[in-house]
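Asks: If it helps, the file is called run_7.txt and holds compact mmCIF, N, CA and C atoms and all ligand atoms:
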# COMPACT_ATOMS: atom_id res chain seq x y z
N MET A 1 12.96 59.86 88.27
CA MET A 1 11.97 59.24 87.39
C MET A 1 12.68 58.53 86.25
N LYS A 2 12.29 57.32 85.95
CA LYS A 2 12.92 56.58 84.86
C LYS A 2 12.49 57.18 83.52
N ALA A 3 13.37 57.05 82.54
CA ALA A 3 13.09 57.63 81.23
C ALA A 3 11.78 57.10 80.64
N SER A 4 11.51 55.79 80.80
CA SER A 4 10.32 55.24 80.18
C SER A 4 9.06 55.83 80.80
N ARG A 5 9.10 56.06 82.11
CA ARG A 5 7.92 56.63 82.76
C ARG A 5 7.75 58.09 82.33
N ARG A 6 8.87 58.79 82.24
CA ARG A 6 8.79 60.19 81.82
C ARG A 6 8.22 60.26 80.40
N THR A 7 8.68 59.38 79.53
CA THR A 7 8.18 59.36 78.16
C THR A 7 6.69 59.08 78.15
N PHE A 8 6.26 58.14 79.01
CA PHE A 8 4.84 57.80 79.06
C PHE A 8 4.04 59.01 79.49
N LEU A 9 4.53 59.73 80.51
CA LEU A 9 3.80 60.89 81.00
C LEU A 9 3.72 61.96 79.92
N ILE A 10 4.83 62.19 79.24
CA ILE A 10 4.83 63.19 78.18
C ILE A 10 3.85 62.76 77.09
N SER A 11 3.84 61.46 76.78
CA SER A 11 2.93 60.95 75.75
C SER A 11 1.49 61.20 76.16
N SER A 12 1.16 60.92 77.41
CA SER A 12 -0.21 61.06 77.87
C SER A 12 -0.67 62.50 77.75
N ILE A 13 0.21 63.40 78.14
CA ILE A 13 -0.13 64.82 78.07
C ILE A 13 -0.34 65.20 76.61
N GLY A 14 0.54 64.73 75.75
CA GLY A 14 0.43 65.05 74.33
C GLY A 14 -0.86 64.55 73.72
N VAL A 15 -1.24 63.33 74.04
CA VAL A 15 -2.47 62.76 73.48
C VAL A 15 -3.67 63.55 73.98
N ALA A 16 -3.69 63.89 75.26
CA ALA A 16 -4.81 64.63 75.82
C ALA A 16 -4.94 65.99 75.14
N SER A 17 -3.81 66.68 74.94
CA SER A 17 -3.93 68.00 74.33
C SER A 17 -4.33 67.91 72.87
N SER A 18 -3.94 66.85 72.18
CA SER A 18 -4.32 66.76 70.77
C SER A 18 -5.82 66.55 70.63
N LEU A 19 -6.42 65.87 71.60
CA LEU A 19 -7.85 65.62 71.52
C LEU A 19 -8.64 66.93 71.67
N ALA A 20 -8.02 67.90 72.31
CA ALA A 20 -8.69 69.17 72.53
C ALA A 20 -8.68 70.03 71.27
N LEU A 21 -7.88 69.67 70.31
CA LEU A 21 -7.77 70.48 69.08
C LEU A 21 -8.43 69.74 67.93
N SER A 22 -9.12 70.47 67.11
CA SER A 22 -9.75 69.83 65.96
C SER A 22 -8.67 69.60 64.90
N ARG A 23 -8.92 68.68 64.01
CA ARG A 23 -7.97 68.38 62.95
C ARG A 23 -7.76 69.61 62.07
N GLN A 24 -8.82 70.36 61.86
CA GLN A 24 -8.74 71.55 61.01
C GLN A 24 -7.71 72.54 61.57
N ALA A 25 -7.65 72.62 62.87
CA ALA A 25 -6.75 73.58 63.50
C ALA A 25 -5.30 73.28 63.13
N PHE A 26 -5.02 72.05 62.72
CA PHE A 26 -3.66 71.67 62.37
C PHE A 26 -3.29 72.06 60.95
N ALA A 27 -4.29 72.37 60.13
CA ALA A 27 -4.04 72.54 58.70
C ALA A 27 -2.89 73.51 58.42
N ASP A 28 -2.86 74.63 59.09
CA ASP A 28 -1.80 75.61 58.86
C ASP A 28 -0.85 75.67 60.04
N ALA A 29 -0.78 74.60 60.78
CA ALA A 29 0.03 74.59 61.99
C ALA A 29 1.50 74.80 61.63
N PRO A 30 2.23 75.53 62.48
CA PRO A 30 3.66 75.74 62.21
C PRO A 30 4.44 74.44 62.39
N LYS A 31 5.61 74.40 61.78
CA LYS A 31 6.47 73.23 61.94
C LYS A 31 7.21 73.34 63.26
N VAL A 32 7.43 72.19 63.86
CA VAL A 32 8.16 72.16 65.13
C VAL A 32 9.61 72.57 64.88
N ALA A 33 10.11 73.50 65.69
CA ALA A 33 11.51 73.89 65.59
C ALA A 33 12.31 72.99 66.54
N GLU A 34 13.53 72.66 66.13
CA GLU A 34 14.35 71.80 67.00
C GLU A 34 14.71 72.53 68.29
N SER A 35 14.59 73.86 68.28
CA SER A 35 14.89 74.65 69.49
C SER A 35 13.69 74.71 70.44
N ASP A 36 12.54 74.21 70.00
CA ASP A 36 11.34 74.18 70.83
C ASP A 36 11.64 73.37 72.10
N PRO A 37 11.24 73.84 73.28
CA PRO A 37 11.57 73.12 74.52
C PRO A 37 11.11 71.66 74.52
N THR A 38 9.92 71.40 73.96
CA THR A 38 9.44 70.01 73.91
C THR A 38 10.33 69.20 72.97
N ALA A 39 10.71 69.82 71.85
CA ALA A 39 11.58 69.14 70.89
C ALA A 39 12.91 68.78 71.54
N GLN A 40 13.42 69.72 72.34
CA GLN A 40 14.70 69.46 73.01
C GLN A 40 14.55 68.33 74.02
N ALA A 41 13.44 68.34 74.76
CA ALA A 41 13.21 67.31 75.78
C ALA A 41 13.08 65.94 75.16
N LEU A 42 12.46 65.89 73.96
CA LEU A 42 12.23 64.59 73.31
C LEU A 42 13.32 64.25 72.30
N GLY A 43 14.28 65.15 72.14
CA GLY A 43 15.37 64.88 71.19
C GLY A 43 14.89 64.90 69.75
N TYR A 44 13.84 65.70 69.47
CA TYR A 44 13.30 65.74 68.11
C TYR A 44 14.29 66.35 67.12
N LYS A 45 14.44 65.66 65.99
CA LYS A 45 15.25 66.19 64.89
C LYS A 45 14.41 66.12 63.64
N GLU A 46 14.48 67.16 62.83
CA GLU A 46 13.70 67.18 61.60
C GLU A 46 14.26 66.17 60.59
N ASP A 47 15.51 65.82 60.78
CA ASP A 47 16.15 64.81 59.94
C ASP A 47 16.60 63.68 60.89
N ALA A 48 15.90 62.55 60.80
CA ALA A 48 16.16 61.45 61.74
C ALA A 48 17.62 61.01 61.75
N SER A 49 18.33 61.19 60.63
CA SER A 49 19.72 60.74 60.59
C SER A 49 20.62 61.61 61.48
N LYS A 50 20.07 62.77 61.93
CA LYS A 50 20.87 63.67 62.76
C LYS A 50 20.61 63.47 64.25
N VAL A 51 19.82 62.44 64.59
CA VAL A 51 19.52 62.17 66.00
C VAL A 51 20.82 61.92 66.76
N ASP A 52 20.86 62.44 67.98
CA ASP A 52 22.02 62.23 68.85
C ASP A 52 21.98 60.77 69.35
N LYS A 53 22.68 59.90 68.63
CA LYS A 53 22.58 58.47 68.93
C LYS A 53 23.21 58.11 70.27
N ALA A 54 24.14 58.92 70.73
CA ALA A 54 24.75 58.66 72.04
C ALA A 54 23.72 58.89 73.14
N LYS A 55 22.92 59.92 72.96
CA LYS A 55 21.92 60.29 73.97
C LYS A 55 20.65 59.46 73.83
N PHE A 56 20.30 59.11 72.60
CA PHE A 56 19.07 58.37 72.35
C PHE A 56 19.42 57.03 71.69
N ALA A 57 19.89 56.13 72.54
CA ALA A 57 20.36 54.83 72.04
C ALA A 57 19.23 53.99 71.45
N LYS A 58 17.99 54.33 71.77
CA LYS A 58 16.87 53.54 71.25
C LYS A 58 16.64 53.81 69.77
N TYR A 59 17.23 54.90 69.25
CA TYR A 59 17.04 55.20 67.83
C TYR A 59 17.70 54.13 66.98
N ALA A 60 16.99 53.68 65.96
CA ALA A 60 17.56 52.74 65.01
C ALA A 60 17.32 53.29 63.61
N PRO A 61 18.30 53.18 62.72
CA PRO A 61 18.13 53.67 61.35
C PRO A 61 16.84 53.09 60.74
N GLY A 62 16.14 53.90 60.02
CA GLY A 62 14.88 53.45 59.41
C GLY A 62 13.67 53.97 60.17
N GLN A 63 13.89 54.32 61.45
CA GLN A 63 12.79 54.88 62.23
C GLN A 63 12.64 56.34 61.84
N ASP A 64 11.40 56.75 61.57
CA ASP A 64 11.13 58.18 61.41
C ASP A 64 9.65 58.43 61.66
N CYS A 65 9.32 59.71 61.75
CA CYS A 65 7.93 60.08 62.07
C CYS A 65 6.96 59.42 61.10
N GLY A 66 7.36 59.32 59.83
CA GLY A 66 6.47 58.76 58.82
C GLY A 66 6.04 57.33 59.11
N ASN A 67 6.82 56.59 59.90
CA ASN A 67 6.40 55.22 60.24
C ASN A 67 6.20 55.06 61.75
N CYS A 68 5.88 56.19 62.39
CA CYS A 68 5.59 56.17 63.84
C CYS A 68 4.07 56.16 64.02
N SER A 69 3.61 55.46 65.02
CA SER A 69 2.16 55.34 65.23
C SER A 69 1.51 56.67 65.60
N PHE A 70 2.31 57.64 66.04
CA PHE A 70 1.74 58.94 66.44
C PHE A 70 1.59 59.91 65.27
N TYR A 71 2.23 59.62 64.16
CA TYR A 71 2.19 60.53 63.01
C TYR A 71 0.79 60.54 62.43
N GLN A 72 0.23 61.75 62.29
CA GLN A 72 -1.17 61.83 61.87
C GLN A 72 -1.35 62.19 60.40
N GLY A 73 -0.28 62.06 59.64
CA GLY A 73 -0.38 62.36 58.21
C GLY A 73 -0.67 61.11 57.41
N LYS A 74 -0.96 61.32 56.12
CA LYS A 74 -1.14 60.20 55.21
C LYS A 74 0.24 59.84 54.67
N ALA A 75 0.33 58.65 54.09
CA ALA A 75 1.59 58.26 53.47
C ALA A 75 1.91 59.31 52.41
N GLY A 76 3.12 59.81 52.40
CA GLY A 76 3.51 60.80 51.41
C GLY A 76 3.44 62.24 51.91
N ASP A 77 2.77 62.48 53.03
CA ASP A 77 2.74 63.83 53.60
C ASP A 77 4.13 64.15 54.16
N ALA A 78 4.70 65.28 53.77
CA ALA A 78 6.03 65.65 54.25
C ALA A 78 5.99 66.11 55.70
N TYR A 79 4.88 66.73 56.09
CA TYR A 79 4.71 67.20 57.47
C TYR A 79 3.30 66.85 57.91
N ALA A 80 3.15 66.58 59.19
CA ALA A 80 1.83 66.27 59.73
C ALA A 80 1.85 66.49 61.24
N PRO A 81 0.66 66.63 61.81
CA PRO A 81 0.59 66.79 63.27
C PRO A 81 1.05 65.54 64.00
N CYS A 82 1.52 65.77 65.21
CA CYS A 82 1.88 64.67 66.11
C CYS A 82 1.42 65.12 67.50
N PRO A 83 0.76 64.23 68.23
CA PRO A 83 0.25 64.63 69.55
C PRO A 83 1.32 65.04 70.55
N MET A 84 2.59 64.69 70.31
CA MET A 84 3.65 65.13 71.23
C MET A 84 3.86 66.64 71.12
N PHE A 85 3.47 67.19 69.97
CA PHE A 85 3.68 68.62 69.72
C PHE A 85 2.34 69.23 69.30
N ALA A 86 1.47 69.39 70.26
CA ALA A 86 0.12 69.87 69.98
C ALA A 86 0.14 71.19 69.23
N GLY A 87 -0.61 71.24 68.13
CA GLY A 87 -0.73 72.48 67.37
C GLY A 87 0.41 72.72 66.40
N LYS A 88 1.33 71.76 66.30
CA LYS A 88 2.46 71.92 65.38
C LYS A 88 2.59 70.68 64.51
N GLN A 89 3.41 70.81 63.48
CA GLN A 89 3.62 69.68 62.58
C GLN A 89 5.07 69.20 62.64
N VAL A 90 5.22 67.89 62.53
CA VAL A 90 6.56 67.30 62.52
C VAL A 90 6.86 66.80 61.12
N ALA A 91 8.13 66.61 60.83
CA ALA A 91 8.55 66.16 59.50
C ALA A 91 8.43 64.65 59.39
N ALA A 92 7.98 64.18 58.24
CA ALA A 92 7.88 62.72 58.02
C ALA A 92 9.25 62.07 58.20
N LYS A 93 10.30 62.82 57.88
CA LYS A 93 11.66 62.27 58.01
C LYS A 93 12.27 62.58 59.37
N GLY A 94 11.46 63.13 60.28
CA GLY A 94 11.96 63.46 61.61
C GLY A 94 11.93 62.27 62.57
N TRP A 95 12.29 62.54 63.80
CA TRP A 95 12.29 61.49 64.83
C TRP A 95 12.33 62.14 66.20
N CYS A 96 11.70 61.50 67.18
CA CYS A 96 11.87 61.92 68.57
C CYS A 96 11.85 60.68 69.44
N SER A 97 12.21 60.84 70.70
CA SER A 97 12.37 59.67 71.57
C SER A 97 11.05 59.04 71.98
N ALA A 98 9.92 59.64 71.60
CA ALA A 98 8.62 59.00 71.89
C ALA A 98 8.22 58.09 70.72
N TYR A 99 9.15 57.92 69.77
CA TYR A 99 8.87 57.08 68.59
C TYR A 99 8.28 55.73 68.98
N ASN A 100 7.24 55.36 68.26
CA ASN A 100 6.59 54.06 68.48
C ASN A 100 6.23 53.52 67.10
N LYS A 101 6.84 52.42 66.73
CA LYS A 101 6.64 51.88 65.37
C LYS A 101 5.18 51.62 65.10
N LYS A 102 4.75 52.09 63.91
CA LYS A 102 3.38 51.88 63.49
C LYS A 102 3.15 50.40 63.27
N ALA A 103 2.05 49.87 63.75
CA ALA A 103 1.78 48.43 63.63
C ALA A 103 1.48 48.06 62.19
FE1 LIG B 201 5.77 62.31 66.85
FE2 LIG B 201 6.57 59.82 66.45
FE3 LIG B 201 7.75 61.80 65.18
FE4 LIG B 201 8.13 61.54 67.78
S1 LIG B 201 8.77 60.08 66.19
S2 LIG B 201 7.70 63.45 66.69
S3 LIG B 201 6.13 60.74 68.43
S4 LIG B 201 5.61 61.18 64.93
With the file now loaded, output its structure as structure tokens.
Ligand code: SF4
Replies:
Amino acid sequence: MKASRRTFLISSIGVASSLALSRQAFADAPKVAESDPTAQALGYKEDASKVDKAKFAKYAPGQDCGNCSFYQGKAGDAYAPCPMFAGKQVAAKGWCSAYNKKA
């Protein structure tokens, strides 16, 4: 399976599961650990500057969860839900390979 297709499938699953959870359920959601299996699969780092650039060549400096279209926080929120990690919160300064620049 090509990486782009795998990413798409993971994204689809993430979006579907997030729809099943109410926003309120995220309020006290735990933070995603980098050791989390999904985090490992997506190369999630709580600090975008620590992304494995050799493995994730698509990463470019300046990209982070805070400016990703999947980030569900307001500007200034340090942590917020992301559909890739249903029921958990990601760091605004984090990054994963499902990153998609906010329009
Ligand atoms: Fe979610 Fe985007 Fe951050 Fe990946 S980069 S964890 S998709 S907000």
Asks: Tell me which protein, DNA and RNA residues are within 7 Å of Ala78 of chain A, counting all atoms listed in the file, leaving out same-chain ones fewer than 6 positions away, and put them as a PyMOL selection string.
Replies: chain A and resi 90-93
Asks: Using only C-alpha atoms and all ligand atoms, determine which residues fall within 10 Å of ligand LIG 201 (chain B), then list them as a PDB file with N, CA and C atoms, keeping the file's coordinate frame.
Replies:
ATOM      1  N   SER A  11       3.840  61.460  76.780  1.00  0.00           N
ATOM      2  CA  SER A  11       2.930  60.950  75.750  1.00  0.00           C
ATOM      3  C   SER A  11       1.490  61.200  76.160  1.00  0.00           C
ATOM      4  N   GLY A  14       0.540  64.730  75.750  1.00  0.00           N
ATOM      5  CA  GLY A  14       0.430  65.050  74.330  1.00  0.00           C
ATOM      6  C   GLY A  14      -0.860  64.550  73.720  1.00  0.00           C
ATOM      7  N   VAL A  32       7.430  72.190  63.860  1.00  0.00           N
ATOM      8  CA  VAL A  32       8.160  72.160  65.130  1.00  0.00           C
ATOM      9  C   VAL A  32       9.610  72.570  64.880  1.00  0.00           C
ATOM     10  N   THR A  38       9.920  71.400  73.960  1.00  0.00           N
ATOM     11  CA  THR A  38       9.440  70.010  73.910  1.00  0.00           C
ATOM     12  C   THR A  38      10.330  69.200  72.970  1.00  0.00           C
ATOM     13  N   ALA A  39      10.710  69.820  71.850  1.00  0.00           N
ATOM     14  CA  ALA A  39      11.580  69.140  70.890  1.00  0.00           C
ATOM     15  C   ALA A  39      12.910  68.780  71.540  1.00  0.00           C
ATOM     16  N   LEU A  42      12.460  65.890  73.960  1.00  0.00           N
ATOM     17  CA  LEU A  42      12.230  64.590  73.310  1.00  0.00           C
ATOM     18  C   LEU A  42      13.320  64.250  72.300  1.00  0.00           C
ATOM     19  N   GLY A  43      14.280  65.150  72.140  1.00  0.00           N
ATOM     20  CA  GLY A  43      15.370  64.880  71.190  1.00  0.00           C
ATOM     21  C   GLY A  43      14.890  64.900  69.750  1.00  0.00           C
ATOM     22  N   TYR A  44      13.840  65.700  69.470  1.00  0.00           N
ATOM     23  CA  TYR A  44      13.300  65.740  68.110  1.00  0.00           C
ATOM     24  C   TYR A  44      14.290  66.350  67.120  1.00  0.00           C
ATOM     25  N   LYS A  45      14.440  65.660  65.990  1.00  0.00           N
ATOM     26  CA  LYS A  45      15.250  66.190  64.890  1.00  0.00           C
ATOM     27  C   LYS A  45      14.410  66.120  63.640  1.00  0.00           C
ATOM     28  N   GLU A  46      14.480  67.160  62.830  1.00  0.00           N
ATOM     29  CA  GLU A  46      13.700  67.180  61.600  1.00  0.00           C
ATOM     30  C   GLU A  46      14.260  66.170  60.590  1.00  0.00           C
ATOM     31  N   ALA A  48      15.900  62.550  60.800  1.00  0.00           N
ATOM     32  CA  ALA A  48      16.160  61.450  61.740  1.00  0.00           C
ATOM     33  C   ALA A  48      17.620  61.010  61.750  1.00  0.00           C
ATOM     34  N   TYR A  59      17.230  54.900  69.250  1.00  0.00           N
ATOM     35  CA  TYR A  59      17.040  55.200  67.830  1.00  0.00           C
ATOM     36  C   TYR A  59      17.700  54.130  66.980  1.00  0.00           C
ATOM     37  N   GLN A  63      13.890  54.320  61.450  1.00  0.00           N
ATOM     38  CA  GLN A  63      12.790  54.880  62.230  1.00  0.00           C
ATOM     39  C   GLN A  63      12.640  56.340  61.840  1.00  0.00           C
ATOM     40  N   ASP A  64      11.400  56.750  61.570  1.00  0.00           N
ATOM     41  CA  ASP A  64      11.130  58.180  61.410  1.00  0.00           C
ATOM     42  C   ASP A  64       9.650  58.430  61.660  1.00  0.00           C
ATOM     43  N   CYS A  65       9.320  59.710  61.750  1.00  0.00           N
ATOM     44  CA  CYS A  65       7.930  60.080  62.070  1.00  0.00           C
ATOM     45  C   CYS A  65       6.960  59.420  61.100  1.00  0.00           C
ATOM     46  N   GLY A  66       7.360  59.320  59.830  1.00  0.00           N
ATOM     47  CA  GLY A  66       6.470  58.760  58.820  1.00  0.00           C
ATOM     48  C   GLY A  66       6.040  57.330  59.110  1.00  0.00           C
ATOM     49  N   ASN A  67       6.820  56.590  59.900  1.00  0.00           N
ATOM     50  CA  ASN A  67       6.400  55.220  60.240  1.00  0.00           C
ATOM     51  C   ASN A  67       6.200  55.060  61.750  1.00  0.00           C
ATOM     52  N   CYS A  68       5.880  56.190  62.390  1.00  0.00           N
ATOM     53  CA  CYS A  68       5.590  56.170  63.840  1.00  0.00           C
ATOM     54  C   CYS A  68       4.070  56.160  64.020  1.00  0.00           C
ATOM     55  N   SER A  69       3.610  55.460  65.020  1.00  0.00           N
ATOM     56  CA  SER A  69       2.160  55.340  65.230  1.00  0.00           C
ATOM     57  C   SER A  69       1.510  56.670  65.600  1.00  0.00           C
ATOM     58  N   PHE A  70       2.310  57.640  66.040  1.00  0.00           N
ATOM     59  CA  PHE A  70       1.740  58.940  66.440  1.00  0.00           C
ATOM     60  C   PHE A  70       1.590  59.910  65.270  1.00  0.00           C
ATOM     61  N   TYR A  71       2.230  59.620  64.160  1.00  0.00           N
ATOM     62  CA  TYR A  71       2.190  60.530  63.010  1.00  0.00           C
ATOM     63  C   TYR A  71       0.790  60.540  62.430  1.00  0.00           C
ATOM     64  N   GLN A  72       0.230  61.750  62.290  1.00  0.00           N
ATOM     65  CA  GLN A  72      -1.170  61.830  61.870  1.00  0.00           C
ATOM     66  C   GLN A  72      -1.350  62.190  60.400  1.00  0.00           C
ATOM     67  N   GLY A  73      -0.280  62.060  59.640  1.00  0.00           N
ATOM     68  CA  GLY A  73      -0.380  62.360  58.210  1.00  0.00           C
ATOM     69  C   GLY A  73      -0.670  61.110  57.410  1.00  0.00           C
ATOM     70  N   TYR A  79       4.880  66.730  56.090  1.00  0.00           N
ATOM     71  CA  TYR A  79       4.710  67.200  57.470  1.00  0.00           C
ATOM     72  C   TYR A  79       3.300  66.850  57.910  1.00  0.00           C
ATOM     73  N   ALA A  80       3.150  66.580  59.190  1.00  0.00           N
ATOM     74  CA  ALA A  80       1.830  66.270  59.730  1.00  0.00           C
ATOM     75  C   ALA A  80       1.850  66.490  61.240  1.00  0.00           C
ATOM     76  N   PRO A  81       0.660  66.630  61.810  1.00  0.00           N
ATOM     77  CA  PRO A  81       0.590  66.790  63.270  1.00  0.00           C
ATOM     78  C   PRO A  81       1.050  65.540  64.000  1.00  0.00           C
ATOM     79  N   CYS A  82       1.520  65.770  65.210  1.00  0.00           N
ATOM     80  CA  CYS A  82       1.880  64.670  66.110  1.00  0.00           C
ATOM     81  C   CYS A  82       1.420  65.120  67.500  1.00  0.00           C
ATOM     82  N   PRO A  83       0.760  64.230  68.230  1.00  0.00           N
ATOM     83  CA  PRO A  83       0.250  64.630  69.550  1.00  0.00           C
ATOM     84  C   PRO A  83       1.320  65.040  70.550  1.00  0.00           C
ATOM     85  N   MET A  84       2.590  64.690  70.310  1.00  0.00           N
ATOM     86  CA  MET A  84       3.650  65.130  71.230  1.00  0.00           C
ATOM     87  C   MET A  84       3.860  66.640  71.120  1.00  0.00           C
ATOM     88  N   PHE A  85       3.470  67.190  69.970  1.00  0.00           N
ATOM     89  CA  PHE A  85       3.680  68.620  69.720  1.00  0.00           C
ATOM     90  C   PHE A  85       2.340  69.230  69.300  1.00  0.00           C
ATOM     91  N   ALA A  86       1.470  69.390  70.260  1.00  0.00           N
ATOM     92  CA  ALA A  86       0.120  69.870  69.980  1.00  0.00           C
ATOM     93  C   ALA A  86       0.140  71.190  69.230  1.00  0.00           C
ATOM     94  N   GLN A  89       3.410  70.810  63.480  1.00  0.00           N
ATOM     95  CA  GLN A  89       3.620  69.680  62.580  1.00  0.00           C
ATOM     96  C   GLN A  89       5.070  69.200  62.640  1.00  0.00           C
ATOM     97  N   VAL A  90       5.220  67.890  62.530  1.00  0.00           N
ATOM     98  CA  VAL A  90       6.560  67.300  62.520  1.00  0.00           C
ATOM     99  C   VAL A  90       6.860  66.800  61.120  1.00  0.00           C
ATOM    100  N   ALA A  91       8.130  66.610  60.830  1.00  0.00           N
ATOM    101  CA  ALA A  91       8.550  66.160  59.500  1.00  0.00           C
ATOM    102  C   ALA A  91       8.430  64.650  59.390  1.00  0.00           C
ATOM    103  N   ALA A  92       7.980  64.180  58.240  1.00  0.00           N
ATOM    104  CA  ALA A  92       7.880  62.720  58.020  1.00  0.00           C
ATOM    105  C   ALA A  92       9.250  62.070  58.200  1.00  0.00           C
ATOM    106  N   LYS A  93      10.300  62.820  57.880  1.00  0.00           N
ATOM    107  CA  LYS A  93      11.660  62.270  58.010  1.00  0.00           C
ATOM    108  C   LYS A  93      12.270  62.580  59.370  1.00  0.00           C
ATOM    109  N   GLY A  94      11.460  63.130  60.280  1.00  0.00           N
ATOM    110  CA  GLY A  94      11.960  63.460  61.610  1.00  0.00           C
ATOM    111  C   GLY A  94      11.930  62.270  62.570  1.00  0.00           C
ATOM    112  N   TRP A  95      12.290  62.540  63.800  1.00  0.00           N
ATOM    113  CA  TRP A  95      12.290  61.490  64.830  1.00  0.00           C
ATOM    114  C   TRP A  95      12.330  62.140  66.200  1.00  0.00           C
ATOM    115  N   CYS A  96      11.700  61.500  67.180  1.00  0.00           N
ATOM    116  CA  CYS A  96      11.870  61.920  68.570  1.00  0.00           C
ATOM    117  C   CYS A  96      11.850  60.680  69.440  1.00  0.00           C
ATOM    118  N   SER A  97      12.210  60.840  70.700  1.00  0.00           N
ATOM    119  CA  SER A  97      12.370  59.670  71.570  1.00  0.00           C
ATOM    120  C   SER A  97      11.050  59.040  71.980  1.00  0.00           C
ATOM    121  N   ALA A  98       9.920  59.640  71.600  1.00  0.00           N
ATOM    122  CA  ALA A  98       8.620  59.000  71.890  1.00  0.00           C
ATOM    123  C   ALA A  98       8.220  58.090  70.720  1.00  0.00           C
ATOM    124  N   TYR A  99       9.150  57.920  69.770  1.00  0.00           N
ATOM    125  CA  TYR A  99       8.870  57.080  68.590  1.00  0.00           C
ATOM    126  C   TYR A  99       8.280  55.730  68.980  1.00  0.00           C
ATOM    127  N   ASN A 100       7.240  55.360  68.260  1.00  0.00           N
ATOM    128  CA  ASN A 100       6.590  54.060  68.480  1.00  0.00           C
ATOM    129  C   ASN A 100       6.230  53.520  67.100  1.00  0.00           C
ATOM    130  N   LYS A 101       6.840  52.420  66.730  1.00  0.00           N
ATOM    131  CA  LYS A 101       6.640  51.880  65.370  1.00  0.00           C
ATOM    132  C   LYS A 101       5.180  51.620  65.100  1.00  0.00           C
ATOM    133  N   LYS A 102       4.750  52.090  63.910  1.00  0.00           N
ATOM    134  CA  LYS A 102       3.380  51.880  63.490  1.00  0.00           C
ATOM    135  C   LYS A 102       3.150  50.400  63.270  1.00  0.00           C
TER     136      LYS A 102
END
Asks: Can you work out the spacing between atom CA of Asp47 of chain A and atom CA of Gly87 of chain A in Å, to one decimal?
Replies: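 So the answer is 20.0 Å.
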Asks: Measure the distance from atom C of Ala41 of chain A to atom C of Ala75 of chain A in Å and round it to one decimal.
Replies: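 Result for atom C of Ala41 of chain A versus atom C of Ala75 of chain A: 26.2 Å, one decimal.
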Asks: Could you tell me how far atom CA of Asp52 of chain A lies from atom CA of Ala33 of chain A, in Å and to one decimal?
Replies: 16.0 Å
